[in-house]
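**Q** Take a look at this one; I'll ask things after.
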Amino acid sequence: MGIEAYLFVSVALFALGIICIVSRRNILYVLMGIEMILNASSINFAAFNRFNGGGIDGQMFVIFIIILAAAEAAVALAIVLNVFHLFHSVKPSEADLLRE
Amino acid sequence: MPDPESLNPLTIAQWKWLLAVPLIPLAGYVIQIFFGKHLPRKGDWLMTGGMFVVMCITVTMFFVAYGHTSVGVDGHAGSAFFAESVRPGPEGQTFSWDWLYMSRAKDAGLSLPTGLMYDGLGAAMLAVVGIVSFFVHLFSIGYMQGDRRYHIFFANISLFTFAMLGLVLSDNLLFLFIFWELMGLMSYLLIGHFAQDPTSHRIKQAAAACKKAFMTTRVGDTCLLFGMAMLYFLIPEQYNEYVAQGLIEGDTIAGSFRFTDLWSNASAIVEANHGDYPLWLTVAGLFVFGGTVGKSAQVPLHIWLPDAMEGPTPVSAMIHAATMVAAGVFLLGRTFPLMSPEALAVIAAVGAVTALFAATIGCTVYDIKGVLAYSTISQLGFMVASIGCGALGLVAGLFHMVTHAFFKACLFLSAGSVIHGCHHEQDMRKMGGLRKKMPITFACMLICTLAIAGMPLFSGFYSKDRIIAAAFGGMSLKFNGGNFAASVFLPVAACLTTFYMFRLIFMTFFGAPRDHHVDEHAHESPKNMTISLMSLAALGMLGGYVWFLHPLDLMGNHGTWFTRMVDWRTMYPGVDLTETNLKGMVGGLAHRHGTAADDLEHFYHGFNPHYTALIVSIGVLLIGVFVAAQMYLRRKWNPAKVTETLGEAYVWVENKYYVDEVVDASVIKGSKALANGQRWFDENVVDGVVLSVGRIGKGLGFLCAWIDKHIVDGIVNLVGNLTQAFGSAVRLFQTGRIQQYVSFAVAGGILVAAFHLLS
């Protein structure tokens with residue numbers, strides 16, 4: 001099985017994540033979309049490391065990304081909580097203060 | 001020439017006492033002006049006490065100076081004796097220091113040194129000023145009681161005294177001029193004393209009078225300044241020219257205001273010029289005399305003096321006796337060697353005209369102070385005319401200045417006492433019979449009237465007789481307009497003097513009371529006023545011959561204390577008594593009339609003017625008293641009928657020869673017209689230019705504003721609008737929705753990738 005399979009999965013996951021971010025009406029799903037994008041990139045790292053190089057550089061990046069994603073999720077959830085307090089809603093379309 | 005040691009017999013301590021003389025009233029002024037209001041009795045005791053100290057010093061120093069004179073025997077038998085005078089020497093013998101020098105000019109010797117000068121004339125004058133000022137201060141304590149500006153009055157009169165004392169002690173023309181100007185200012189403030197008192201009913205008159213006094217004397221002051229400048233610059237120029245030509249031996253000189261330098265340099269120039277005065281020196285002398293005309297109220301600048309009566313009476317006494325008007329005569333005494341015979345002729349003529357002119361007016365005035373004012377002008381005319389008659393007249397004129405100071409001060413203070421007693425009534429027609437109510441005032445005034453009228457044994461006789469003798473003597477030697485005017489006018493003026501003074505006495509003190517109200521009110525003045533009166537009256541009577549052993553020497557052959565102190569032969573050190581210089585010294589008396597020695601011979605042996613003068617002066621005295629008595633005491637001749645007989649002439653005199661009107665029509669109207677013309681020029685031309693400049697500026701401003709509004713603003717607004725429009729367009733993308741942004745980002749990313757792939 002070649003690298004294309006891995007990349008295909010990665011691209012699919014990335015696309016799904018984008019779609020999730022853009023289209024979902026709930027901000028929590030947007031967060032989940034971001035996680036999916038991060039995972040897509042993790043797959044890419046692992047795949048390229050497996051097929052093009054050697055060693056464990058790609059895997060190390062994946063571990064970092066996972067840790068980063070965990071930290072990001074903590075911060076993002078706090079933001080979401082504040083957004084909910086501010087707008088009494090979890091719809092990202094309603095949090096449009098930046099327009100002003 | 002006497003040896004230099006004898007020139008300055010005063011010790012340093014004595015010089016310091018002299019220096020203290022002007023400084024005491026100055027210090028008093030400073031204290032009084034700042035703290036006078038809060039001192040007990042508003043500080044009058046302080047000022048009067050200070051003046052008492054000044055009087056003591058000046059009188060003591062006078063006797064010191066007198067003690068240093070010595071009796072010399074003149075070579076001319078039978079003439080008046082001549083004595084050595086106390087006077088400063090050429091170097092290091094005045095108490096002097098550098099007042100000012102310019103740092104670069106110092107090397108060139110252009111410094112302005114100043115110092116004290118104490119000669120016979122100065123000693124006499126200083127004592128007179130000290131004595132009269134003290135008694136005026138003492139008198140003022142009573143007279144000015146209750147005045148709203150009591151403390152200011154004392155401060156001002158003290159500074160006035162300071163100015164006069166400083167003037168007398170100055171050893172140079174510049175400082176004399178500074179004090180001269182200060183005196184002008186103080187006379188302005190004192191004459192206008194009531195102008196600043198809101199309760200006074202004569203504010204306007206006082207304000208006008210002080211303005212008039214200040215501005216009229218200012219004309220003379222300007223002349224004096226011109227004269228000073230000419231003396232300062234032209235004397236060294238001519239002198240150095242003569243040095244270059246070898247006519248004068250010695251070094252070149254720089255300009256100087258020192259009297260001693262002026263005297264000796266001018267006489268050296270005259271000597272080098274074959275005994276003739278150069279024309280510029282005549283002109284400079286006349287300019288200097290212009291200062292005297294203003295200050296000493298000579299025709300035509302006399303108009304300020306009668307108006308100066310608006311001031312308080314003690315101020316009038318000061319101005320008319322010891323200060324102000326005496327300063328002009330004193331100036332002539334100081335600058336006499338600079339006067340050419342031609343200038344002296346002018347001086348004599350002006351003085352003689354003034355003497356007669358003012359005496360006639362004095363006969364028609366009813367204001368008691370007005371009579372005295374015109375009598376002062378007349379007496380000043382005597383002094384000036386006398387000085388114009390040559391060196392002997394000089395001594396007589398200065399002597400008259402001293403005796404006049406005492407009896408005129410007493411007359412004014414007596415008039416003040418009368419006015420004070422009569423509840424500030426000044427019209428003689430409302431007085432009468434006051435001799436019983438005010439016996440002391442009457443006695444003092446009578447004594448001084450006899451003195452001014454020239455009664456033998458009273459001081460005025462000795463000086464006035466000498467003046468008339470000098471005039472006759474001058475004419476006998478050399479006939480000129482000045483001598484002639486003096487010889488003719490002065491005896492007539494003396495006769496009129498007697499007449500108007502006795503008219504005053506008879507109208508005020510004799511006869512029946514004319515106004516019930518005034519008579520009821522009349523009372524003798526308080527002690528401090530009468531003490532002043534009595535002291536001055538005593539001096540007015542004895543001032544002519546006290547310390548002199550021959551009061552019955554009516555011929556004046558033996559001289560008086562004054563001729564011992566002030567001797568024309570020795571009073572100007574540095575002026576050598578050589579033949580040519582004697583011409584200069586004697587001036588109009590001896591000029592162009594053989595040798596000087598012959599002149600004196602002739603003067604003293606061929607014709608003795610003293611006999612004539614004696615007969616004339618006693619004659620005019622008797623005529624004057626007789627006429628006055630007939631008209632105002634015995635009522636044999638009705639004054640109204642006399643007036644009618646005189647007709648038009650009386651109207652002219654009564655209106656003071658319309659001098660005020662002429663001055664008003666010419667000088668005042670003229671300057672007003674000039675001012676109006678300038679105002680028109682200012683309003684129409686200058687303002688026009690200014691306004692048109694303004695209008696042009698305004699037009700330019702409008703243009704700029706239009707450009708700014710329409711073009712500059714247009715560009716700015718265009719930029720702004722464009723930005724705004726662009727912003728509005730761009731704003732459409734700015735929805736604030738995060739998901740849309742992400743969509744755009746993804747779309748952008750796809751587009752970039754597609755573009756990349758396709759290309």
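To be explicit about the labels: the chains of the structure tokens are called A, B, and onward in the order shown, and within each one the residues are counted from 1, while ligands get numbers from 1 in the order they are shown.
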Env of Trp652 (chain B): 12 Å cut, atoms = only C-alpha atoms, seq-sep filter 4 positions within chain, self excluded. Answer as a PyMOL selection string.
**A** chain B and resi 357+360-361+364+643+646-648+656-659+661
**Q** I need the chain B residues near chain A as an mmCIF file with N, CA and C atoms, in the first residue's frame; criterion: at most 10 Å, counting only C-alpha atoms.
**A**
```
data_model
loop_
_atom_site.group_PDB
_atom_site.id
_atom_site.type_symbol
_atom_site.label_atom_id
_atom_site.label_comp_id
_atom_site.auth_asym_id
_atom_site.auth_seq_id
_atom_site.Cartn_x
_atom_site.Cartn_y
_atom_site.Cartn_z
ATOM 1 N N ARG B 731 -16.070 46.745 3.243
ATOM 2 C CA ARG B 731 -16.742 46.387 4.474
ATOM 3 C C ARG B 731 -17.742 45.251 4.247
ATOM 4 N N LEU B 732 -18.198 45.123 3.031
ATOM 5 C CA LEU B 732 -19.194 44.085 2.757
ATOM 6 C C LEU B 732 -18.656 42.706 3.100
ATOM 7 N N PHE B 733 -17.347 42.558 2.933
ATOM 8 C CA PHE B 733 -16.755 41.253 3.251
ATOM 9 C C PHE B 733 -16.580 41.042 4.735
ATOM 10 N N GLN B 734 -16.659 42.093 5.408
ATOM 11 C CA GLN B 734 -16.328 42.062 6.833
ATOM 12 C C GLN B 734 -17.596 41.754 7.618
ATOM 13 N N THR B 735 -17.940 40.518 7.657
ATOM 14 C CA THR B 735 -19.205 40.182 8.308
ATOM 15 C C THR B 735 -19.041 39.875 9.770
ATOM 16 N N GLY B 736 -17.822 39.600 10.197
ATOM 17 C CA GLY B 736 -17.614 39.242 11.591
ATOM 18 C C GLY B 736 -17.894 37.761 11.851
ATOM 19 N N ARG B 737 -18.350 37.072 10.814
ATOM 20 C CA ARG B 737 -18.646 35.650 11.039
ATOM 21 C C ARG B 737 -17.422 34.838 10.735
ATOM 22 N N ILE B 738 -16.971 34.143 11.667
ATOM 23 C CA ILE B 738 -15.689 33.473 11.577
ATOM 24 C C ILE B 738 -15.715 32.388 10.519
ATOM 25 N N GLN B 739 -16.912 31.789 10.391
ATOM 26 C CA GLN B 739 -17.004 30.680 9.436
ATOM 27 C C GLN B 739 -16.868 31.167 8.007
ATOM 28 N N GLN B 740 -17.444 32.401 7.774
ATOM 29 C CA GLN B 740 -17.309 32.955 6.436
ATOM 30 C C GLN B 740 -15.843 33.212 6.107
ATOM 31 N N TYR B 741 -15.141 33.753 7.129
ATOM 32 C CA TYR B 741 -13.715 34.034 6.902
ATOM 33 C C TYR B 741 -12.989 32.765 6.531
ATOM 34 N N VAL B 742 -13.297 31.779 7.227
ATOM 35 C CA VAL B 742 -12.631 30.511 6.938
ATOM 36 C C VAL B 742 -12.969 30.054 5.509
ATOM 37 N N SER B 743 -14.250 30.248 5.154
ATOM 38 C CA SER B 743 -14.639 29.874 3.788
ATOM 39 C C SER B 743 -13.831 30.639 2.779
ATOM 40 N N PHE B 744 -13.727 31.961 3.020
ATOM 41 C CA PHE B 744 -12.943 32.747 2.076
ATOM 42 C C PHE B 744 -11.518 32.247 2.025
ATOM 43 N N VAL B 746 -10.345 29.341 2.610
ATOM 44 C CA VAL B 746 -10.254 28.069 1.916
ATOM 45 C C VAL B 746 -10.406 28.285 0.420
#
```
**Q** Any idea what's packed within 10 Å of Phe177 (chain B), counting only C-alpha atoms, ignoring anything in its chain fewer than 5 positions away? Could you give it as a JSON list (two decimals) with C-alpha atoms, in the first residue's frame?
**A**
```
[["chain", "number", "residue", "atom", "x", "y", "z"],
["B", 167, "LEU", "CA", 22.38, 123.21, 43.18],
["B", 170, "SER", "CA", 27.45, 121.76, 42.72],
["B", 172, "ASN", "CA", 29.83, 121.80, 37.73],
["B", 182, "LEU", "CA", 14.64, 118.44, 39.98],
["B", 183, "MET", "CA", 13.57, 121.82, 41.28],
["B", 221, "ASP", "CA", 15.58, 124.76, 30.57],
["B", 224, "LEU", "CA", 20.12, 126.18, 29.15],
["B", 225, "LEU", "CA", 20.74, 122.69, 27.83],
["B", 228, "MET", "CA", 25.63, 123.81, 28.19],
["B", 291, "GLY", "CA", 17.58, 129.23, 31.56],
["B", 331, "LEU", "CA", 23.31, 130.53, 37.69]]
```
**Q** Just want the 12 Å neighbourhood of region 60-75 of chain A, counted on only C-alpha atoms, with same-chain residues fewer than 4 positions away dropped. Output as a list in words.
**A**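 Using only C-alpha atoms, the neighbours found are Leu28, Val30, Leu31, Met32, Gly33, Ile34, Glu35, Met36, Ile37, Leu38, Asn39, Ala40, Ser41, Ser42, Ile43, Asn44, Phe45, Ala46, Ala47, Phe48, Asn49, Gly55, Ile56, Ile79, Val80, Leu81 and Asn82 of chain A.
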**Q** Keeping only C-alpha atoms, write the selected residues as a CSV table (one decimal), in the first residue's frame.
**A**
```
chain,number,residue,atom,x,y,z
A,28,LEU,CA,-18.4,23.0,19.6
A,30,VAL,CA,-16.2,24.0,14.9
A,31,LEU,CA,-13.7,23.0,17.6
A,32,MET,CA,-14.1,19.4,16.5
A,33,GLY,CA,-13.4,20.5,12.9
A,34,ILE,CA,-10.2,22.1,14.1
A,35,GLU,CA,-9.2,18.9,15.8
A,36,MET,CA,-9.9,17.0,12.6
A,37,ILE,CA,-7.6,19.3,10.6
A,38,LEU,CA,-4.9,18.9,13.2
A,39,ASN,CA,-5.2,15.1,13.0
A,40,ALA,CA,-5.1,15.3,9.2
A,41,SER,CA,-1.8,17.0,9.4
A,42,SER,CA,-0.6,14.5,12.0
A,43,ILE,CA,-1.4,11.7,9.5
A,44,ASN,CA,0.6,13.5,6.9
A,45,PHE,CA,3.6,13.9,9.2
A,46,ALA,CA,3.5,10.2,10.1
A,47,ALA,CA,3.0,9.1,6.5
A,48,PHE,CA,5.8,11.2,5.0
A,49,ASN,CA,8.1,10.1,7.7
A,55,GLY,CA,13.9,7.9,12.1
A,56,ILE,CA,11.2,9.3,14.2
A,79,ILE,CA,-13.2,30.9,24.9
A,80,VAL,CA,-16.3,29.1,24.0
A,81,LEU,CA,-17.6,29.4,27.6
A,82,ASN,CA,-17.0,33.1,27.5
```
**Q** As a ChimeraX atom specification, please: every residue in region 176-390 of chain B that DSSP puts in helix (DSSP H, G or I).
**A** /B:176-191,193-196,203-245,259-272,279-295,301-310,313-322,325-338,341-362,368-388
**Q** Using only C-alpha atoms, which protein or nucleic acid residues come within 12 Å of Glu241 (chain B)? Drop anything in the same chain fewer than 2 positions from it, and give the result as an mmCIF file with C-alpha atoms, in the first residue's frame.
**A**
```
data_model
loop_
_atom_site.group_PDB
_atom_site.id
_atom_site.type_symbol
_atom_site.label_atom_id
_atom_site.label_comp_id
_atom_site.auth_asym_id
_atom_site.auth_seq_id
_atom_site.Cartn_x
_atom_site.Cartn_y
_atom_site.Cartn_z
ATOM 1 C CA LEU B 234 32.992 124.591 21.584
ATOM 2 C CA ILE B 235 35.276 125.761 24.402
ATOM 3 C CA PRO B 236 37.781 122.883 23.992
ATOM 4 C CA GLU B 237 37.535 123.130 20.206
ATOM 5 C CA GLN B 238 38.481 126.803 20.151
ATOM 6 C CA TYR B 239 40.989 126.406 22.970
ATOM 7 C CA VAL B 243 46.974 125.937 21.382
ATOM 8 C CA ALA B 244 47.816 124.632 17.922
ATOM 9 C CA GLN B 245 48.345 128.184 16.724
ATOM 10 C CA GLY B 246 50.549 128.903 19.718
ATOM 11 C CA LEU B 247 48.318 131.632 21.066
ATOM 12 C CA ILE B 248 47.768 129.690 24.269
ATOM 13 C CA GLU B 249 50.641 127.953 25.968
ATOM 14 C CA GLY B 250 50.099 124.570 27.464
ATOM 15 C CA ASP B 251 48.286 121.323 26.752
ATOM 16 C CA THR B 252 45.109 120.773 24.880
ATOM 17 C CA ILE B 253 41.989 120.305 26.982
ATOM 18 C CA ILE B 269 40.198 132.015 24.894
ATOM 19 C CA ALA B 272 44.016 134.792 23.014
ATOM 20 C CA ASN B 273 41.309 136.475 20.949
#
```
**Q** Would you list the contacts of Ser617 (chain B) as a PyMOL selection string, taking every protein, DNA or RNA residue within 9 Å and counting only C-alpha atoms, but skipping same-chain residues closer than 3 positions in sequence?
**A** chain B and resi 454-455+461+464-465+468+491+494-495+612-614+620-622
**Q** Please write the residues from the selection above to a file, keeping N, CA and C atoms, as an mmCIF file, in the first residue's frame.
**A**
```cif
data_model
loop_
_atom_site.group_PDB
_atom_site.id
_atom_site.type_symbol
_atom_site.label_atom_id
_atom_site.label_comp_id
_atom_site.auth_asym_id
_atom_site.auth_seq_id
_atom_site.Cartn_x
_atom_site.Cartn_y
_atom_site.Cartn_z
ATOM 1 N N GLY B 454 13.472 149.943 50.213
ATOM 2 C CA GLY B 454 14.794 150.559 50.160
ATOM 3 C C GLY B 454 14.975 151.666 51.182
ATOM 4 N N MET B 455 14.407 151.517 52.352
ATOM 5 C CA MET B 455 14.591 152.473 53.432
ATOM 6 C C MET B 455 15.999 152.309 54.002
ATOM 7 N N PHE B 461 17.843 148.419 51.223
ATOM 8 C CA PHE B 461 18.463 149.667 50.790
ATOM 9 C C PHE B 461 19.865 149.434 50.277
ATOM 10 N N LYS B 464 19.775 147.483 46.922
ATOM 11 C CA LYS B 464 19.124 148.174 45.809
ATOM 12 C C LYS B 464 19.899 149.430 45.412
ATOM 13 N N ASP B 465 20.431 150.121 46.402
ATOM 14 C CA ASP B 465 21.227 151.305 46.112
ATOM 15 C C ASP B 465 22.444 150.951 45.268
ATOM 16 N N ILE B 468 21.370 150.354 41.629
ATOM 17 C CA ILE B 468 21.151 151.573 40.857
ATOM 18 C C ILE B 468 22.484 152.262 40.585
ATOM 19 N N PRO B 491 15.166 153.033 38.537
ATOM 20 C CA PRO B 491 14.647 153.985 39.534
ATOM 21 C C PRO B 491 13.130 154.104 39.492
ATOM 22 N N ALA B 494 11.773 151.167 41.141
ATOM 23 C CA ALA B 494 11.962 151.266 42.589
ATOM 24 C C ALA B 494 10.867 152.133 43.200
ATOM 25 N N CYS B 495 10.523 153.220 42.505
ATOM 26 C CA CYS B 495 9.461 154.093 42.980
ATOM 27 C C CYS B 495 8.135 153.342 43.031
ATOM 28 N N THR B 612 24.682 159.860 43.399
ATOM 29 C CA THR B 612 23.464 159.959 42.598
ATOM 30 C C THR B 612 22.464 158.889 43.019
ATOM 31 N N ALA B 613 22.986 157.659 43.132
ATOM 32 C CA ALA B 613 22.091 156.556 43.457
ATOM 33 C C ALA B 613 21.436 156.770 44.814
ATOM 34 N N LEU B 614 22.215 157.283 45.743
ATOM 35 C CA LEU B 614 21.673 157.505 47.085
ATOM 36 C C LEU B 614 20.524 158.505 47.031
ATOM 37 N N VAL B 620 12.940 158.371 45.334
ATOM 38 C CA VAL B 620 11.830 157.552 44.842
ATOM 39 C C VAL B 620 11.091 156.906 46.005
ATOM 40 N N LEU B 621 11.821 156.610 47.079
ATOM 41 C CA LEU B 621 11.159 156.044 48.258
ATOM 42 C C LEU B 621 10.131 157.014 48.800
ATOM 43 N N LEU B 622 10.550 158.269 48.944
ATOM 44 C CA LEU B 622 9.634 159.266 49.505
ATOM 45 C C LEU B 622 8.441 159.495 48.581
#
```
**Q** In terms of the shortest atom-to-atom distance over only C-alpha atoms, which of B:Ser417, B:Thr335, B:Thr161, B:Gln298 is closest to Ser525 (chain B)?
**A**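 Comparing B:Ser417, B:Thr335, B:Thr161, B:Gln298 against Ser525 (chain B), the winner is B:Ser417.
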**Q** Can you tell me how far CA of Phe289 (chain B) sits from CA of Leu332 (chain B), in Å to one decimal?
**A**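 Interatomic distance, CA of Phe289 (chain B) to CA of Leu332 (chain B): 7.0 Å.
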**Q** Can you tell me which residues surround Leu504 (chain B) at a distance of at most 8 Å, considering only C-alpha atoms, apart from same-chain residues fewer than 2 positions away, and format the answer as a ChimeraX atom specification?
**A** /B:368,371,428,500-502,506-508
**Q** Between B:Leu281, B:Ala327, B:Val136, B:Met144, which one has atoms that come closest to Trp180 (chain B), using only C-alpha atoms?
**A**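 Under the stated criterion, the closest residue is B:Ala327.
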